[in-house]
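Structure data (PDB, C-alpha atoms and all ligand atoms) from run.pdb:
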```pdb
ATOM      1  CA  MET O   1      97.483  77.323 -43.600
ATOM      2  CA  ARG O   2      98.504  78.804 -40.248
ATOM      3  CA  VAL O   3      96.047  80.388 -37.811
ATOM      4  CA  LYS O   4      97.045  83.865 -36.649
ATOM      5  CA  VAL O   5      95.144  86.026 -34.188
ATOM      6  CA  VAL O   6      94.825  89.803 -34.499
ATOM      7  CA  ALA O   7      93.002  91.762 -31.770
ATOM      8  CA  GLY O   8      91.457  95.193 -31.511
ATOM      9  CA  SER O   9      92.331  97.324 -28.509
ATOM     10  CA  THR O  10      89.383  96.121 -26.368
ATOM     11  CA  SER O  11      90.279  92.507 -26.851
ATOM     12  CA  VAL O  12      94.055  92.124 -26.562
ATOM     13  CA  PRO O  13      94.218  89.868 -23.445
ATOM     14  CA  LEU O  14      91.356  87.743 -24.770
ATOM     15  CA  GLY O  15      92.980  87.565 -28.231
ATOM     16  CA  ARG O  16      96.257  86.428 -26.669
ATOM     17  CA  GLY O  17      94.373  83.777 -24.680
ATOM     18  CA  ILE O  18      92.634  82.515 -27.818
ATOM     19  CA  ALA O  19      95.962  82.377 -29.689
ATOM     20  CA  LYS O  20      97.476  80.388 -26.822
ATOM     21  CA  GLY O  21      94.509  78.004 -26.773
ATOM     22  CA  LEU O  22      94.874  77.435 -30.518
ATOM     23  CA  GLY O  23      98.657  77.171 -30.482
ATOM     24  CA  ALA O  24      98.557  80.080 -32.965
ATOM     25  CA  SER O  25     100.668  83.216 -33.156
ATOM     26  CA  PHE O  26      99.388  86.577 -31.955
ATOM     27  CA  VAL O  27     100.021  89.432 -34.379
ATOM     28  CA  GLU O  28     100.679  92.831 -32.821
ATOM     29  CA  THR O  29      98.834  95.950 -33.940
ATOM     30  CA  ALA O  30      99.808  99.614 -33.592
ATOM     31  CA  TYR O  31      97.073 102.113 -32.709
ATOM     32  CA  GLU O  32      99.077 105.318 -32.957
ATOM     33  CA  LYS O  33     101.189 106.568 -35.837
ATOM     34  CA  HIS O  34     102.694 109.244 -33.607
ATOM     35  CA  PRO O  35     102.764 109.196 -29.792
ATOM     36  CA  GLY O  36      99.397 110.471 -28.525
ATOM     37  CA  GLY O  37      97.578 109.561 -31.750
ATOM     38  CA  PHE O  38      95.983 111.927 -34.253
ATOM     39  CA  PRO O  39      95.295 115.355 -32.736
ATOM     40  CA  ASP O  40      91.611 115.192 -33.749
ATOM     41  CA  GLY O  41      91.138 111.890 -31.901
ATOM     42  CA  GLU O  42      90.565 109.791 -35.041
ATOM     43  CA  ARG O  43      91.686 106.163 -34.793
ATOM     44  CA  TYR O  44      94.692 104.697 -36.583
ATOM     45  CA  VAL O  45      95.527 101.030 -36.973
ATOM     46  CA  ARG O  46      98.382  99.118 -38.517
ATOM     47  CA  VAL O  47      98.704  95.345 -38.351
ATOM     48  CA  LEU O  48     102.379  94.697 -37.734
ATOM     49  CA  GLY O  49     102.809  91.089 -38.861
ATOM     50  CA  ASP O  50     102.762  89.119 -42.086
ATOM     51  CA  VAL O  51      99.500  87.211 -42.631
ATOM     52  CA  VAL O  52      99.699  86.517 -46.388
ATOM     53  CA  GLY O  53      97.883  83.242 -47.100
ATOM     54  CA  ASP O  54      97.126  82.737 -43.391
ATOM     55  CA  ASP O  55      93.928  81.903 -41.540
ATOM     56  CA  VAL O  56      93.299  85.114 -39.574
ATOM     57  CA  VAL O  57      91.035  85.374 -36.542
ATOM     58  CA  LEU O  58      90.269  89.032 -35.835
ATOM     59  CA  VAL O  59      88.960  89.648 -32.302
ATOM     60  CA  GLN O  60      87.180  92.854 -31.293
ATOM     61  CA  THR O  61      84.196  93.742 -29.116
ATOM     62  CA  THR O  62      81.837  96.284 -30.732
ATOM     63  CA  HIS O  63      81.506  98.473 -27.646
ATOM     64  CA  PRO O  64      81.902 101.369 -27.116
ATOM     65  CA  ASP O  65      81.276 103.066 -30.471
ATOM     66  CA  THR O  66      84.909 104.077 -31.099
ATOM     67  CA  LYS O  67      85.810 100.387 -31.120
ATOM     68  CA  ILE O  68      83.434  99.810 -34.038
ATOM     69  CA  VAL O  69      85.338 102.347 -36.140
ATOM     70  CA  GLU O  70      88.574 100.697 -35.028
ATOM     71  CA  LEU O  71      87.207  97.311 -36.107
ATOM     72  CA  LEU O  72      86.247  98.615 -39.566
ATOM     73  CA  LEU O  73      89.818  99.919 -39.952
ATOM     74  CA  LEU O  74      91.267  96.621 -38.717
ATOM     75  CA  LEU O  75      89.175  94.657 -41.197
ATOM     76  CA  ASP O  76      90.540  96.790 -44.016
ATOM     77  CA  ALA O  77      94.111  96.477 -42.722
ATOM     78  CA  VAL O  78      93.864  92.692 -42.365
ATOM     79  CA  ARG O  79      92.322  92.237 -45.807
ATOM     80  CA  SER O  80      95.052  94.386 -47.410
ATOM     81  CA  LEU O  81      97.603  91.820 -46.177
ATOM     82  CA  GLU O  82      95.907  89.074 -48.243
ATOM     83  CA  PRO O  83      95.123  86.306 -45.754
ATOM     84  CA  SER O  84      93.412  83.241 -47.200
ATOM     85  CA  ARG O  85      90.623  83.307 -44.609
ATOM     86  CA  VAL O  86      89.260  85.898 -42.155
ATOM     87  CA  SER O  87      87.141  84.928 -39.154
ATOM     88  CA  LEU O  88      85.619  87.794 -37.228
ATOM     89  CA  LEU O  89      85.238  87.049 -33.529
ATOM     90  CA  ILE O  90      83.007  89.571 -31.730
ATOM     91  CA  PRO O  91      83.251  88.720 -27.995
ATOM     92  CA  TYR O  92      80.500  91.200 -27.069
ATOM     93  CA  PHE O  93      78.247  92.220 -29.933
ATOM     94  CA  GLY O  94      77.315  95.800 -29.047
ATOM     95  CA  TYR O  95      74.049  96.936 -30.724
ATOM     96  CA  ALA O  96      72.737  93.350 -30.862
ATOM     97  CA  ARG O  97      69.980  94.269 -28.396
ATOM     98  CA  GLN O  98      68.317  96.567 -30.974
ATOM     99  CA  ASP O  99      67.290  93.436 -32.845
ATOM    100  CA  LYS O 100      63.972  94.816 -34.186
ATOM    101  CA  ARG O 101      62.354  98.059 -35.175
ATOM    102  CA  PHE O 102      60.375  98.472 -31.954
ATOM    103  CA  GLU O 103      58.898 101.777 -33.231
ATOM    104  CA  GLN O 104      58.377 103.086 -36.728
ATOM    105  CA  GLY O 105      61.404 104.951 -38.046
ATOM    106  CA  GLU O 106      63.957 103.264 -35.773
ATOM    107  CA  ALA O 107      67.218 101.834 -37.098
ATOM    108  CA  LEU O 108      67.535  98.065 -37.010
ATOM    109  CA  SER O 109      70.964  98.468 -35.408
ATOM    110  CA  ALA O 110      71.993  94.795 -35.126
ATOM    111  CA  ARG O 111      71.424  94.308 -38.868
ATOM    112  CA  VAL O 112      73.307  97.503 -39.725
ATOM    113  CA  LEU O 113      76.360  96.237 -37.848
ATOM    114  CA  ALA O 114      76.102  92.744 -39.349
ATOM    115  CA  ASN O 115      75.905  94.153 -42.886
ATOM    116  CA  HIS O 116      78.954  96.352 -42.492
ATOM    117  CA  LEU O 117      81.165  94.023 -40.468
ATOM    118  CA  GLN O 118      80.765  90.952 -42.675
ATOM    119  CA  MET O 119      82.323  92.506 -45.795
ATOM    120  CA  GLY O 120      85.347  90.417 -46.802
ATOM    121  CA  VAL O 121      84.832  88.104 -43.804
ATOM    122  CA  ASP O 122      84.336  84.341 -44.146
ATOM    123  CA  GLU O 123      82.658  83.559 -40.819
ATOM    124  CA  VAL O 124      81.607  85.142 -37.535
ATOM    125  CA  PHE O 125      81.774  83.961 -33.912
ATOM    126  CA  THR O 126      80.114  85.822 -31.081
ATOM    127  CA  MET O 127      78.870  85.165 -27.546
ATOM    128  CA  GLY O 128      76.021  85.693 -25.051
ATOM    129  CA  LEU O 129      73.487  87.197 -27.450
ATOM    130  CA  HIS O 130      70.292  88.649 -26.047
ATOM    131  CA  ASN O 131      68.512  87.137 -29.054
ATOM    132  CA  PRO O 132      70.375  84.481 -31.117
ATOM    133  CA  GLU O 133      68.093  85.350 -34.071
ATOM    134  CA  VAL O 134      70.435  88.271 -34.851
ATOM    135  CA  LEU O 135      72.865  85.703 -36.309
ATOM    136  CA  LYS O 136      70.506  85.580 -39.287
ATOM    137  CA  PHE O 137      71.424  89.156 -40.139
ATOM    138  CA  PHE O 138      74.793  87.858 -41.386
ATOM    139  CA  ASP O 139      74.915  86.361 -44.899
ATOM    140  CA  ILE O 140      77.964  84.273 -43.933
ATOM    141  CA  PRO O 141      78.174  81.435 -41.364
ATOM    142  CA  ALA O 142      77.674  83.014 -37.921
ATOM    143  CA  ARG O 143      77.797  81.092 -34.645
ATOM    144  CA  GLU O 144      77.026  81.907 -31.034
ATOM    145  CA  VAL O 145      79.520  80.363 -28.610
ATOM    146  CA  SER O 146      78.310  79.843 -25.035
ATOM    147  CA  GLY O 147      80.293  81.628 -22.339
ATOM    148  CA  MET O 148      78.426  79.797 -19.596
ATOM    149  CA  PRO O 149      81.015  76.993 -19.189
ATOM    150  CA  ALA O 150      83.461  79.757 -18.203
ATOM    151  CA  VAL O 151      80.942  81.160 -15.683
ATOM    152  CA  GLY O 152      80.449  77.604 -14.378
ATOM    153  CA  ARG O 153      84.219  77.069 -13.995
ATOM    154  CA  TYR O 154      84.491  80.303 -12.036
ATOM    155  CA  LEU O 155      81.565  79.413  -9.764
ATOM    156  CA  MET O 156      82.983  75.944  -9.055
ATOM    157  CA  ASP O 157      85.835  77.695  -7.252
ATOM    158  CA  ARG O 158      83.488  80.005  -5.344
ATOM    159  CA  ASP O 159      81.679  77.357  -3.317
ATOM    160  CA  ILE O 160      78.161  78.281  -4.490
ATOM    161  CA  ASP O 161      75.073  76.435  -3.149
ATOM    162  CA  PHE O 162      72.352  77.842  -5.382
ATOM    163  CA  VAL O 163      71.978  79.534  -8.809
ATOM    164  CA  LEU O 164      69.348  82.163  -9.632
ATOM    165  CA  ALA O 165      68.142  83.349 -13.048
ATOM    166  CA  PRO O 166      66.890  86.923 -12.583
ATOM    167  CA  ASP O 167      64.536  86.747 -15.580
ATOM    168  CA  ASP O 168      63.213  84.429 -18.284
ATOM    169  CA  GLY O 169      66.033  85.361 -20.670
ATOM    170  CA  ALA O 170      68.620  84.209 -18.128
ATOM    171  CA  VAL O 171      66.989  80.821 -17.512
ATOM    172  CA  ARG O 172      68.886  79.019 -20.298
ATOM    173  CA  HIS O 173      72.160  80.423 -18.921
ATOM    174  CA  ALA O 174      71.494  79.780 -15.220
ATOM    175  CA  LYS O 175      70.272  76.273 -15.993
ATOM    176  CA  GLU O 176      73.435  75.464 -17.974
ATOM    177  CA  VAL O 177      75.646  76.754 -15.163
ATOM    178  CA  ALA O 178      73.638  75.021 -12.397
ATOM    179  CA  GLU O 179      73.669  71.711 -14.249
ATOM    180  CA  THR O 180      77.422  71.944 -14.887
ATOM    181  CA  ALA O 181      78.040  72.738 -11.225
ATOM    182  CA  GLY O 182      75.451  70.187 -10.005
ATOM    183  CA  LYS O 183      73.602  72.850  -7.964
ATOM    184  CA  PRO O 184      69.885  73.647  -7.573
ATOM    185  CA  TRP O 185      68.514  76.701  -9.393
ATOM    186  CA  ASP O 186      65.417  78.860  -9.571
ATOM    187  CA  ARG O 187      64.176  81.910 -11.449
ATOM    188  CA  LEU O 188      62.535  85.259 -10.838
ATOM    189  CA  GLN O 189      59.929  86.852 -13.111
ATOM    190  CA  LYS O 190      61.078  90.320 -14.156
ATOM    191  CA  THR O 191      59.147  93.177 -15.698
ATOM    192  CA  ARG O 192      61.187  95.997 -17.206
ATOM    193  CA  LEU O 193      59.588  99.385 -16.514
ATOM    194  CA  ASP O 194      62.215 101.385 -18.445
ATOM    195  CA  SER O 195      65.911 101.112 -19.412
ATOM    196  CA  TYR O 196      66.949 101.709 -15.793
ATOM    197  CA  THR O 197      64.112 100.190 -13.719
ATOM    198  CA  VAL O 198      62.870  96.629 -13.264
ATOM    199  CA  LYS O 199      60.527  94.889 -10.820
ATOM    200  CA  PHE O 200      60.063  91.252  -9.804
ATOM    201  CA  GLU O 201      56.955  89.190  -9.072
ATOM    202  CA  PRO O 202      57.048  88.168  -5.380
ATOM    203  CA  LYS O 203      58.445  84.630  -4.983
ATOM    204  CA  ARG O 204      59.733  82.479  -2.100
ATOM    205  CA  LEU O 205      63.263  81.202  -2.803
ATOM    206  CA  ASP O 206      65.046  78.410  -0.928
ATOM    207  CA  VAL O 207      68.142  80.499  -0.158
ATOM    208  CA  ARG O 208      68.262  80.988   3.629
ATOM    209  CA  GLY O 209      71.888  80.741   4.811
ATOM    210  CA  LYS O 210      73.103  79.905   1.290
ATOM    211  CA  ARG O 211      75.786  81.244  -1.005
ATOM    212  CA  VAL O 212      73.859  82.246  -4.116
ATOM    213  CA  ALA O 213      75.061  83.113  -7.620
ATOM    214  CA  ILE O 214      72.857  85.315  -9.805
ATOM    215  CA  VAL O 215      73.704  84.358 -13.388
ATOM    216  CA  ASP O 216      72.879  86.563 -16.375
ATOM    217  CA  ASP O 217      74.175  87.123 -19.888
ATOM    218  CA  VAL O 218      74.891  90.804 -19.325
ATOM    219  CA  ILE O 219      75.020  93.327 -16.501
ATOM    220  CA  SER O 220      74.347  96.765 -17.946
ATOM    221  CA  THR O 221      72.940  99.375 -15.521
ATOM    222  CA  GLY O 222      73.076  96.747 -12.774
ATOM    223  CA  GLY O 223      69.365  97.273 -12.055
ATOM    224  CA  THR O 224      68.382  93.636 -12.601
ATOM    225  CA  VAL O 225      71.164  92.088 -10.535
ATOM    226  CA  ALA O 226      70.973  94.698  -7.750
ATOM    227  CA  LEU O 227      67.242  94.186  -7.227
ATOM    228  CA  ALA O 228      67.630  90.397  -7.352
ATOM    229  CA  ALA O 229      70.477  90.634  -4.805
ATOM    230  CA  LYS O 230      68.314  92.744  -2.458
ATOM    231  CA  GLU O 231      65.561  90.148  -2.706
ATOM    232  CA  LEU O 232      68.018  87.314  -1.978
ATOM    233  CA  LYS O 233      69.412  89.138   1.055
ATOM    234  CA  ALA O 234      65.858  89.871   2.270
ATOM    235  CA  GLN O 235      65.151  86.129   2.035
ATOM    236  CA  GLY O 236      68.226  85.257   4.102
ATOM    237  CA  ALA O 237      70.953  84.515   1.529
ATOM    238  CA  ARG O 238      74.347  84.552   3.270
ATOM    239  CA  HIS O 239      76.458  85.587   0.276
ATOM    240  CA  VAL O 240      75.399  86.928  -3.136
ATOM    241  CA  LEU O 241      77.700  86.713  -6.132
ATOM    242  CA  ALA O 242      76.583  88.253  -9.438
ATOM    243  CA  ALA O 243      78.166  86.570 -12.447
ATOM    244  CA  ALA O 244      77.676  87.484 -16.094
ATOM    245  CA  VAL O 245      79.455  86.832 -19.349
ATOM    246  CA  HIS O 246      79.369  90.517 -20.308
ATOM    247  CA  GLY O 247      79.905  93.351 -17.810
ATOM    248  CA  LEU O 248      78.993  96.737 -19.289
ATOM    249  CA  PHE O 249      78.510  98.568 -15.959
ATOM    250  CA  THR O 250      76.868 101.665 -17.410
ATOM    251  CA  ALA O 251      75.632 104.765 -15.539
ATOM    252  CA  ASN O 252      75.864 104.278 -11.737
ATOM    253  CA  ALA O 253      75.926 100.462 -11.967
ATOM    254  CA  TRP O 254      78.721 100.102  -9.402
ATOM    255  CA  ASP O 255      76.761 102.079  -6.777
ATOM    256  CA  LYS O 256      73.749  99.808  -7.257
ATOM    257  CA  LEU O 257      75.897  96.685  -7.204
ATOM    258  CA  ALA O 258      77.268  97.520  -3.752
ATOM    259  CA  VAL O 259      74.501  95.239  -2.414
ATOM    260  CA  CYS O 260      76.322  92.233  -3.941
ATOM    261  CA  ASP O 261      79.158  90.591  -2.026
ATOM    262  CA  GLU O 262      80.966  89.931  -5.275
ATOM    263  CA  VAL O 263      80.589  90.788  -8.973
ATOM    264  CA  ALA O 264      82.336  88.784 -11.691
ATOM    265  CA  ALA O 265      82.353  89.013 -15.469
ATOM    266  CA  SER O 266      84.417  87.603 -18.298
ATOM    267  CA  ASP O 267      86.992  89.308 -20.498
ATOM    268  CA  THR O 268      84.571  90.007 -23.395
ATOM    269  CA  ILE O 269      84.479  93.591 -22.031
ATOM    270  CA  PRO O 270      87.490  94.251 -19.822
ATOM    271  CA  SER O 271      86.591  95.947 -16.510
ATOM    272  CA  ARG O 272      87.405  95.777 -12.807
ATOM    273  CA  ALA O 273      84.948  92.842 -12.628
ATOM    274  CA  THR O 274      86.859  90.757 -15.186
ATOM    275  CA  LYS O 275      87.722  87.645 -13.207
ATOM    276  CA  PHE O 276      87.615  84.834 -15.761
ATOM    277  CA  SER O 277      88.295  84.289 -19.452
ATOM    278  CA  VAL O 278      86.172  82.878 -22.251
ATOM    279  CA  ALA O 279      89.286  82.222 -24.369
ATOM    280  CA  PRO O 280      88.955  78.406 -23.943
ATOM    281  CA  GLU O 281      85.366  78.544 -25.243
ATOM    282  CA  PHE O 282      86.296  80.587 -28.328
ATOM    283  CA  ALA O 283      89.446  78.535 -29.016
ATOM    284  CA  ALA O 284      87.403  75.313 -28.886
ATOM    285  CA  ALA O 285      84.749  76.761 -31.228
ATOM    286  CA  ILE O 286      87.370  77.850 -33.768
ATOM    287  CA  ARG O 287      89.196  74.528 -33.538
ATOM    288  CA  ALA O 288      85.939  72.687 -34.234
ATOM    289  CA  THR O 289      85.556  74.485 -37.568
ATOM    290  CA  ARG O 290      89.111  73.768 -38.829
TER     291      ARG O 290
HETATM  292  C1  LIG O 301      67.905  91.256 -20.162
HETATM  293  O1  LIG O 301      67.057  90.585 -20.643
HETATM  294  C2  LIG O 301      69.296  90.781 -19.904
HETATM  295  O2  LIG O 301      69.376  89.407 -19.747
HETATM  296  C3  LIG O 301      69.846  91.438 -18.656
HETATM  297  O3  LIG O 301      69.132  90.993 -17.527
HETATM  298  C4  LIG O 301      69.739  92.911 -18.728
HETATM  299  O4  LIG O 301      70.174  93.384 -19.957
HETATM  300  C5  LIG O 301      70.534  93.530 -17.624
HETATM  301  O5  LIG O 301      70.393  94.906 -17.717
HETATM  302  P1  LIG O 301      70.534  95.828 -16.446
HETATM  303  O6  LIG O 301      71.856  95.510 -15.820
HETATM  304  O7  LIG O 301      70.491  97.227 -17.029
HETATM  305  O8  LIG O 301      69.378  95.557 -15.557
END
```
Once more with this new file: its structure as structure tokens, please.
Amino acid sequence: MRVKVVAGSTSVPLGRGIAKGLGASFVETAYEKHPGGFPDGERYVRVLGDVVGDDVVLVQTTHPDTKIVELLLLLDAVRSLEPSRVSLLIPYFGYARQDKRFEQGEALSARVLANHLQMGVDEVFTMGLHNPEVLKFFDIPAREVSGMPAVGRYLMDRDIDFVLAPDDGAVRHAKEVAETAGKPWDRLQKTRLDSYTVKFEPKRLDVRGKRVAIVDDVISTGGTVALAAKELKAQGARHVLAAAVHGLFTANAWDKLAVCDEVAASDTIPSRATKFSVAPEFAAAIRATR
């Protein structure tokens, strides 16, 4: 049984990297039947290779929404080609942060996605979840792969002296990176006032004259990292690098992030901040299950 990698349009470079890491072939996909696509903007997919009897790894981030539709189409296309096994690899699991019904009448979005995406799939891999409990929404084996070794590799080359977790949720990530890099770390206590605004409890940090990396799972509006960076600069940090596995950069994130000397994210969501790849992490996780 040969492993073959198919990727949705958000995840082509990452899919190629995973294929390379596995020594597998990368199967091309067409996204337009006619140049320019359908006039009404609807998606089209066609998997262009033969995967009959093969072990297919389908890679696609579920953000933004159009990519979810594309993934549903890709799943159908892949299954129609009769592979023997389908692994769904979701580099960034969009909607995973709505992991509960916070208010009566709300959709439990993470479960909705899990239910629909797992049809005809044998196993799921994803990364950097806000709450790993969402894996339980899948009825098939579902694993979270850590992207922090990739963050750690990147920081090793950036000559960092100190690692900061901007909130409790980031502690497990910052700790993993700091321990890998053999650097000291600390944390801030964050309170979220609304989707765009956060505040920190005052705290003295040992960062004067240092090159500091703020490590988080995701940068979304940039509010968390920008405020942490301001605090670090106010306390004398010489250089502030914000590093996350997932870079969403919504709203005016880039304006806020101007306070950082550097912003880096992985290729789970391609952007101008994509500076390192998590392909080795995903390739190793897939290899371990074969
Ligand atoms: C929250 O718990 C996460 O770890 C991130 O800190 C948060 O999602 C970042 O969001 P934003 O960039 O909008 O502050």
query: Any chance you could work out the residue set of the PyMOL selection byres (((chain O and resi 268) around 6) and not hetatm) here, as a list in words?
result: Pro91, Tyr92, Ser266, Asp267 and Ile269 of chain O
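Counting from atom CA of Ile18 of chain O, the distance to atom CA of Glu262 of chain O is 26.4 Å.
Residue selection for this entry, given the PyMOL selection byres (((chain O and resi 277-286) around 8) and not hetatm), comprises Leu14, Gly15, Gly17, Ile18, Ala19, Gly21, Leu22, Phe125, Val145, Ser146, Gly147, Pro149, Ala150, Ser266, Asp267, Thr268, Thr274, Lys275, Phe276, Arg287, Ala288, Thr289 and Arg290 of chain O.
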field: Near-ligand residues for ligand LIG 301 (chain O), threshold 10 Å, only C-alpha atoms and all ligand atoms, as a PyMOL selection string
entry: chain O and resi 97+128-131+165-171+173+190-192+194-198+215-228+244+246-251+253+256-257
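Interatomic distance, atom CA of Arg187 of chain O to atom CA of Val240 of chain O: 14.8 Å.
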task: Enumerate, as a ChimeraX atom specification, the residues matched when the PyMOL selection byres (((chain O and resi 123) around 7) and not hetatm) is run on the file above.
output: /O:87-88,121-122,124-125,140-142
